Amino acid sequence: MAYSRLLRSGAVDAAGTVNTDIEANGLGAKSAALYGLFDYGSGGTTIKVYLQGSYDQGTTWVPIANMTFATADDAKLINIVPVSFAATDVDAAQADNAQLSHLAPRLRVSIVTTGTYAASTLAVWFHMAE
(Lines give C-alpha, C1' and ligand atoms only; values in the text may rest on other atoms or scores of the structure.)
Protein backbone atom coordinates (compact mmCIF):
# COMPACT_ATOMS: atom_id res chain seq x y z
CA MET A 1 0.00 0.00 0.00
CA ALA A 2 1.31 3.46 -0.85
CA TYR A 3 0.77 6.73 0.95
CA SER A 4 0.96 10.09 -0.80
CA ARG A 5 0.02 13.52 0.51
CA LEU A 6 0.48 17.18 -0.33
CA LEU A 7 1.49 18.51 3.10
CA ARG A 8 1.74 22.18 2.30
CA SER A 9 1.03 24.48 -0.60
CA GLY A 10 0.87 28.24 -0.59
CA ALA A 11 2.51 31.53 0.27
CA VAL A 12 5.54 31.84 2.50
CA ASP A 13 5.75 35.12 4.36
CA ALA A 14 6.61 35.73 8.03
CA ALA A 15 9.31 33.90 9.96
CA GLY A 16 8.15 31.02 12.15
CA THR A 17 7.68 27.27 12.51
CA VAL A 18 4.77 25.17 11.23
CA ASN A 19 4.43 21.46 12.09
CA THR A 20 2.29 19.07 10.05
CA ASP A 21 1.60 15.52 11.24
CA ILE A 22 1.70 12.72 8.67
CA GLU A 23 -1.08 10.17 9.27
CA ALA A 24 0.98 7.15 8.30
CA ASN A 25 3.13 4.73 10.29
CA GLY A 26 6.67 4.62 8.90
CA LEU A 27 7.58 1.26 10.47
CA GLY A 28 7.88 -1.42 7.83
CA ALA A 29 7.86 1.03 4.93
CA LYS A 30 10.16 0.10 2.05
CA SER A 31 10.95 3.72 1.17
CA ALA A 32 9.76 7.28 1.46
CA ALA A 33 10.32 10.50 -0.45
CA LEU A 34 10.07 14.15 0.49
CA TYR A 35 9.69 16.60 -2.40
CA GLY A 36 9.76 20.38 -2.13
CA LEU A 37 9.07 23.00 -4.78
CA PHE A 38 9.99 26.60 -3.94
CA ASP A 39 9.06 29.60 -6.08
CA TYR A 40 11.07 32.59 -4.85
CA GLY A 41 9.69 36.12 -4.96
CA SER A 42 11.79 38.38 -2.74
CA GLY A 43 13.13 38.88 0.80
CA GLY A 44 13.63 36.07 3.27
CA THR A 45 16.73 34.19 4.37
CA THR A 46 16.10 30.42 4.58
CA ILE A 47 13.32 27.87 4.69
CA LYS A 48 14.19 24.50 6.22
CA VAL A 49 11.86 21.55 5.74
CA TYR A 50 12.50 18.80 8.29
CA LEU A 51 11.05 15.29 8.14
CA GLN A 52 11.03 14.10 11.76
CA GLY A 53 10.07 10.88 13.48
CA SER A 54 8.98 9.94 16.98
CA TYR A 55 9.42 6.61 18.72
CA ASP A 56 7.61 7.75 21.90
CA GLN A 57 4.17 8.90 20.65
CA GLY A 58 5.30 12.44 19.83
CA THR A 59 7.13 13.38 23.03
CA THR A 60 10.53 13.55 21.32
CA TRP A 61 11.16 14.19 17.62
CA VAL A 62 14.32 12.97 15.91
CA PRO A 63 15.67 13.97 12.48
CA ILE A 64 15.06 11.82 9.43
CA ALA A 65 15.71 14.21 6.53
CA ASN A 66 15.80 17.88 5.69
CA MET A 67 15.95 20.20 2.72
CA THR A 68 16.93 23.87 2.68
CA PHE A 69 15.69 26.62 0.38
CA ALA A 70 17.07 30.18 0.30
CA THR A 71 16.63 33.01 -2.18
CA ALA A 72 16.21 31.31 -5.56
CA ASP A 73 13.65 29.06 -7.24
CA ASP A 74 14.44 25.46 -6.37
CA ALA A 75 13.08 21.91 -6.37
CA LYS A 76 14.46 19.20 -4.10
CA LEU A 77 13.82 15.50 -3.65
CA ILE A 78 15.11 13.34 -0.81
CA ASN A 79 14.64 9.57 -0.98
CA ILE A 80 14.74 7.63 2.30
CA VAL A 81 15.37 3.87 2.27
CA PRO A 82 15.43 2.38 5.79
CA VAL A 83 18.51 0.31 6.54
CA SER A 84 20.08 -1.10 9.67
CA PHE A 85 22.49 1.23 11.40
CA ALA A 86 24.41 1.03 14.65
CA ALA A 87 23.75 4.35 16.36
CA THR A 88 22.87 7.91 15.48
CA ASP A 89 23.24 10.97 17.69
CA VAL A 90 19.71 12.34 17.44
CA ASP A 91 20.64 15.49 19.37
CA ALA A 92 23.31 16.54 16.87
CA ALA A 93 22.50 19.14 14.22
CA GLN A 94 21.72 17.57 10.86
CA ALA A 95 23.53 18.93 7.80
CA ASP A 96 21.45 20.74 5.19
CA ASN A 97 19.89 18.56 2.48
CA ALA A 98 20.69 15.32 4.32
CA GLN A 99 18.87 12.18 5.41
CA LEU A 100 19.23 9.38 7.92
CA SER A 101 18.07 5.92 6.87
CA HIS A 102 15.17 5.29 9.25
CA LEU A 103 11.39 5.81 9.35
CA ALA A 104 9.68 6.07 12.72
CA PRO A 105 6.17 4.95 13.75
CA ARG A 106 5.07 8.59 14.00
CA LEU A 107 6.06 11.17 11.35
CA ARG A 108 5.76 14.91 10.87
CA VAL A 109 7.16 17.70 8.73
CA SER A 110 8.40 20.83 10.44
CA ILE A 111 8.92 23.94 8.27
CA VAL A 112 11.12 26.65 9.77
CA THR A 113 11.24 30.03 8.01
CA THR A 114 13.78 32.73 8.83
CA GLY A 115 13.42 36.22 7.43
CA THR A 116 10.29 37.63 5.82
CA TYR A 117 9.55 36.45 2.29
CA ALA A 118 7.28 38.25 -0.17
CA ALA A 119 5.53 36.76 -3.22
CA SER A 120 7.14 33.35 -2.51
CA THR A 121 5.42 29.95 -2.44
CA LEU A 122 6.36 26.52 -1.15
CA ALA A 123 4.76 23.15 -1.84
CA VAL A 124 5.84 19.98 0.02
CA TRP A 125 4.79 16.41 -0.78
CA PHE A 126 5.43 13.20 1.16
CA HIS A 127 5.25 9.75 -0.44
CA MET A 128 5.76 6.36 1.20
CA ALA A 129 5.78 2.82 -0.18
CA GLU A 130 4.83 0.14 2.34
# chains A, B, ... in the order shown; residues from 1 in each chain; ligands from 1
call {"tool": "residues_around", "arguments": {"residues": "Asp56 of chain A", "least_positions_apart": "4", "cutoff": "12 Å", "atoms": "only C-alpha atoms", "output": "PyMOL selection string"}}
result
chain A and resi 60-62+104-107
call {"tool": "select_by_dssp", "arguments": {"residues": "chain A", "states": "strand (DSSP E)", "output": "PyMOL selection string"}}
result
chain A and resi 2-12+16-22+31-39+42-43+46-54+62-69+74-80+106-114+117-118+120-129
call {"tool": "residues_around", "arguments": {"residues": "Gly26 of chain A", "least_positions_apart": "3", "cutoff": "10 Å", "atoms": "only C-alpha atoms", "output": "MDAnalysis selection string"}}
result
chainID A and resid 22:23 29:32 53:54 82 102:107 128:130
call {"tool": "write_last_selection", "arguments": {"atoms": "all heavy atoms", "output": "CSV table (one decimal), in the first residue's frame"}}
result
chain,number,residue,atom,x,y,z
A,22,ILE,N,1.9,13.6,9.8
A,22,ILE,CA,1.7,12.7,8.7
A,22,ILE,C,1.0,11.5,9.2
A,22,ILE,O,1.5,10.8,10.1
A,22,ILE,CB,3.0,12.3,8.0
A,22,ILE,CG1,3.7,13.5,7.5
A,22,ILE,CG2,2.8,11.3,6.9
A,22,ILE,CD1,5.2,13.3,7.0
A,23,GLU,N,-0.2,11.3,8.7
A,23,GLU,CA,-1.1,10.2,9.3
A,23,GLU,C,-0.7,8.8,8.6
A,23,GLU,O,-1.5,8.2,8.0
A,23,GLU,CB,-2.6,10.5,9.0
A,23,GLU,CG,-3.1,11.6,9.9
A,23,GLU,CD,-2.9,12.9,9.2
A,23,GLU,OE1,-2.8,13.0,7.9
A,23,GLU,OE2,-3.0,14.0,9.9
A,29,ALA,N,7.9,0.4,6.3
A,29,ALA,CA,7.9,1.0,4.9
A,29,ALA,C,9.1,0.7,4.2
A,29,ALA,O,10.2,0.6,4.7
A,29,ALA,CB,7.7,2.6,5.0
A,30,LYS,N,9.0,0.4,2.9
A,30,LYS,CA,10.2,0.1,2.0
A,30,LYS,C,11.0,1.3,1.7
A,30,LYS,O,12.2,1.3,1.6
A,30,LYS,CB,9.7,-0.6,0.8
A,30,LYS,CG,8.9,-1.8,1.0
A,30,LYS,CD,9.7,-3.1,1.0
A,30,LYS,CE,8.9,-4.3,1.0
A,30,LYS,NZ,8.5,-4.8,2.3
A,31,SER,N,10.3,2.5,1.5
A,31,SER,CA,10.9,3.7,1.2
A,31,SER,C,10.0,4.9,1.4
A,31,SER,O,8.8,4.7,1.5
A,31,SER,CB,11.5,3.7,-0.3
A,31,SER,OG,10.4,3.7,-1.2
A,32,ALA,N,10.6,6.1,1.4
A,32,ALA,CA,9.8,7.3,1.5
A,32,ALA,C,10.5,8.4,0.7
A,32,ALA,O,11.7,8.3,0.4
A,32,ALA,CB,9.6,7.7,2.9
A,53,GLY,N,10.8,12.1,13.0
A,53,GLY,CA,10.1,10.9,13.5
A,53,GLY,C,10.1,10.8,15.0
A,53,GLY,O,10.9,11.4,15.7
A,54,SER,N,9.1,10.1,15.5
A,54,SER,CA,9.0,9.9,17.0
A,54,SER,C,8.8,8.5,17.3
A,54,SER,O,8.0,7.8,16.7
A,54,SER,CB,7.8,10.7,17.6
A,54,SER,OG,7.7,10.5,19.0
A,82,PRO,N,15.0,2.8,4.5
A,82,PRO,CA,15.4,2.4,5.8
A,82,PRO,C,16.4,1.2,5.7
A,82,PRO,O,16.2,0.3,4.9
A,82,PRO,CB,14.1,1.9,6.4
A,82,PRO,CG,13.1,2.6,5.7
A,82,PRO,CD,13.6,2.7,4.3
A,102,HIS,N,16.1,5.9,8.4
A,102,HIS,CA,15.2,5.3,9.2
A,102,HIS,C,13.8,6.0,9.1
A,102,HIS,O,13.7,7.1,8.6
A,102,HIS,CB,15.6,5.4,10.7
A,102,HIS,CG,15.5,6.7,11.3
A,102,HIS,ND1,14.4,7.1,12.1
A,102,HIS,CD2,16.2,7.8,11.2
A,102,HIS,CE1,14.5,8.3,12.5
A,102,HIS,NE2,15.7,8.8,12.0
A,103,LEU,N,12.7,5.3,9.3
A,103,LEU,CA,11.4,5.8,9.3
A,103,LEU,C,10.7,5.4,10.7
A,103,LEU,O,10.7,4.2,11.0
A,103,LEU,CB,10.6,5.3,8.1
A,103,LEU,CG,11.0,5.9,6.8
A,103,LEU,CD1,10.4,5.1,5.7
A,103,LEU,CD2,10.7,7.4,6.7
A,104,ALA,N,10.2,6.3,11.4
A,104,ALA,CA,9.7,6.1,12.7
A,104,ALA,C,8.2,5.7,12.6
A,104,ALA,O,7.5,6.0,11.6
A,104,ALA,CB,9.9,7.3,13.6
A,105,PRO,N,7.6,5.2,13.7
A,105,PRO,CA,6.2,4.9,13.7
A,105,PRO,C,5.3,6.2,13.6
A,105,PRO,O,4.2,6.1,13.1
A,105,PRO,CB,5.9,4.2,15.1
A,105,PRO,CG,7.2,4.3,15.8
A,105,PRO,CD,8.3,4.8,15.0
A,106,ARG,N,5.8,7.3,14.1
A,106,ARG,CA,5.1,8.6,14.0
A,106,ARG,C,5.9,9.6,13.2
A,106,ARG,O,7.1,9.7,13.5
A,106,ARG,CB,4.8,9.1,15.4
A,106,ARG,CG,3.8,10.2,15.4
A,106,ARG,CD,3.2,10.4,16.8
A,106,ARG,NE,2.2,11.4,16.8
A,106,ARG,CZ,1.6,11.8,17.9
A,106,ARG,NH1,1.8,11.3,19.0
A,106,ARG,NH2,0.6,12.7,17.8
A,107,LEU,N,5.3,10.3,12.2
A,107,LEU,CA,6.1,11.2,11.4
A,107,LEU,C,5.4,12.6,11.3
A,107,LEU,O,4.2,12.7,11.4
A,107,LEU,CB,6.1,10.6,9.9
A,107,LEU,CG,6.7,9.2,9.8
A,107,LEU,CD1,6.4,8.7,8.4
A,107,LEU,CD2,8.2,9.3,10.0
A,128,MET,N,5.2,7.5,0.5
A,128,MET,CA,5.8,6.4,1.2
A,128,MET,C,5.2,5.1,0.6
A,128,MET,O,4.0,5.0,0.3
A,128,MET,CB,5.4,6.4,2.7
A,128,MET,CG,6.1,5.4,3.5
A,128,MET,SD,5.9,5.7,5.3
A,128,MET,CE,4.1,5.6,5.5
A,129,ALA,N,6.1,4.1,0.3
A,129,ALA,CA,5.8,2.8,-0.2
A,129,ALA,C,5.9,1.8,1.0
A,129,ALA,O,7.0,1.7,1.6
A,129,ALA,CB,6.7,2.4,-1.3
A,130,GLU,N,4.8,1.1,1.2
A,130,GLU,CA,4.8,0.1,2.3
A,130,GLU,C,5.0,-1.3,1.8
A,130,GLU,O,4.8,-1.6,0.7
A,130,GLU,CB,3.5,0.2,3.1
A,130,GLU,CG,3.3,1.6,3.7
A,130,GLU,CD,2.0,1.8,4.4
A,130,GLU,OE1,1.0,1.0,4.1
A,130,GLU,OE2,1.8,2.7,5.1
call {"tool": "closest_residue", "arguments": {"among": "A:Ser4, A:Asn66, A:Thr113, A:Asn19", "to": "Val49 of chain A", "atoms": "only C-alpha atoms"}}
result
A:Asn66
call {"tool": "closest_residue", "arguments": {"among": "A:Thr71, A:Thr114, A:Ser9, A:Ser101", "to": "Tyr35 of chain A", "atoms": "only C-alpha atoms"}}
result
A:Ser9
call {"tool": "atom_distance", "arguments": {"atom1": "atom CA of Gln52 of chain A", "atom2": "atom CA of Ala123 of chain A"}}
result
17.5 Å
call {"tool": "closest_residue", "arguments": {"among": "A:Ala70, A:Ile111, A:Leu7, A:Leu77", "to": "Lys48 of chain A", "atoms": "only C-alpha atoms"}}
result
A:Ile111
call {"tool": "residues_around", "arguments": {"residues": "Asn97 of chain A", "least_positions_apart": "4", "cutoff": "9 Å", "atoms": "only C-alpha atoms", "output": "ChimeraX atom specification"}}
result
/A:65-68,76,78
call {"tool": "write_last_selection", "arguments": {"atoms": "all heavy atoms", "output": "PDB file, in the first residue's frame"}}
result
ATOM      1  N   ALA A  65      15.187  13.562   7.740  1.00  0.00           N
ATOM      2  CA  ALA A  65      15.713  14.209   6.532  1.00  0.00           C
ATOM      3  C   ALA A  65      15.399  15.696   6.591  1.00  0.00           C
ATOM      4  O   ALA A  65      14.521  16.128   7.335  1.00  0.00           O
ATOM      5  CB  ALA A  65      15.090  13.587   5.286  1.00  0.00           C
ATOM      6  N   ASN A  66      16.129  16.465   5.795  1.00  0.00           N
ATOM      7  CA  ASN A  66      15.800  17.881   5.686  1.00  0.00           C
ATOM      8  C   ASN A  66      16.220  18.415   4.328  1.00  0.00           C
ATOM      9  O   ASN A  66      17.088  17.853   3.660  1.00  0.00           O
ATOM     10  CB  ASN A  66      16.440  18.695   6.823  1.00  0.00           C
ATOM     11  CG  ASN A  66      17.900  18.951   6.600  1.00  0.00           C
ATOM     12  OD1 ASN A  66      18.278  19.696   5.721  1.00  0.00           O
ATOM     13  ND2 ASN A  66      18.743  18.315   7.404  1.00  0.00           N
ATOM     14  N   MET A  67      15.566  19.486   3.939  1.00  0.00           N
ATOM     15  CA  MET A  67      15.953  20.203   2.720  1.00  0.00           C
ATOM     16  C   MET A  67      15.888  21.696   3.017  1.00  0.00           C
ATOM     17  O   MET A  67      15.056  22.144   3.803  1.00  0.00           O
ATOM     18  CB  MET A  67      15.069  19.814   1.533  1.00  0.00           C
ATOM     19  CG  MET A  67      13.592  19.959   1.743  1.00  0.00           C
ATOM     20  SD  MET A  67      12.575  19.428   0.343  1.00  0.00           S
ATOM     21  CE  MET A  67      12.928  17.703   0.230  1.00  0.00           C
ATOM     22  N   THR A  68      16.812  22.440   2.418  1.00  0.00           N
ATOM     23  CA  THR A  68      16.928  23.869   2.676  1.00  0.00           C
ATOM     24  C   THR A  68      16.725  24.656   1.393  1.00  0.00           C
ATOM     25  O   THR A  68      17.293  24.324   0.353  1.00  0.00           O
ATOM     26  CB  THR A  68      18.319  24.189   3.268  1.00  0.00           C
ATOM     27  OG1 THR A  68      18.482  23.441   4.476  1.00  0.00           O
ATOM     28  CG2 THR A  68      18.456  25.663   3.573  1.00  0.00           C
ATOM     29  N   LYS A  76      13.593  20.177  -4.741  1.00  0.00           N
ATOM     30  CA  LYS A  76      14.463  19.198  -4.095  1.00  0.00           C
ATOM     31  C   LYS A  76      13.682  17.925  -3.815  1.00  0.00           C
ATOM     32  O   LYS A  76      12.501  17.964  -3.491  1.00  0.00           O
ATOM     33  CB  LYS A  76      15.023  19.749  -2.787  1.00  0.00           C
ATOM     34  CG  LYS A  76      15.918  20.948  -3.035  1.00  0.00           C
ATOM     35  CD  LYS A  76      16.691  21.347  -1.834  1.00  0.00           C
ATOM     36  CE  LYS A  76      17.608  22.500  -2.261  1.00  0.00           C
ATOM     37  NZ  LYS A  76      18.492  22.926  -1.232  1.00  0.00           N
ATOM     38  N   ILE A  78      14.295  14.192  -1.669  1.00  0.00           N
ATOM     39  CA  ILE A  78      15.108  13.338  -0.809  1.00  0.00           C
ATOM     40  C   ILE A  78      14.415  11.991  -0.717  1.00  0.00           C
ATOM     41  O   ILE A  78      13.234  11.911  -0.375  1.00  0.00           O
ATOM     42  CB  ILE A  78      15.296  13.944   0.591  1.00  0.00           C
ATOM     43  CG1 ILE A  78      16.133  15.223   0.491  1.00  0.00           C
ATOM     44  CG2 ILE A  78      15.953  12.946   1.532  1.00  0.00           C
ATOM     45  CD1 ILE A  78      16.395  15.907   1.804  1.00  0.00           C
TER      46      ILE A  78
END
call {"tool": "atom_distance", "arguments": {"atom1": "atom CA of Ala95 of chain A", "atom2": "atom CA of Val83 of chain A"}}
result
19.3 Å
call {"tool": "atom_distance", "arguments": {"atom1": "atom CA of Arg108 of chain A", "atom2": "atom CA of Ala24 of chain A"}}
result
9.5 Å
call {"tool": "closest_residue", "arguments": {"among": "A:Ser42, A:Thr116, A:Ser110, A:Gln99", "to": "Ala14 of chain A", "atoms": "only C-alpha atoms"}}
result
A:Thr116
call {"tool": "closest_residue", "arguments": {"among": "A:Ser120, A:Tyr50, A:Val81, A:Ala75", "to": "Ala98 of chain A", "atoms": "only C-alpha atoms"}}
result
A:Tyr50
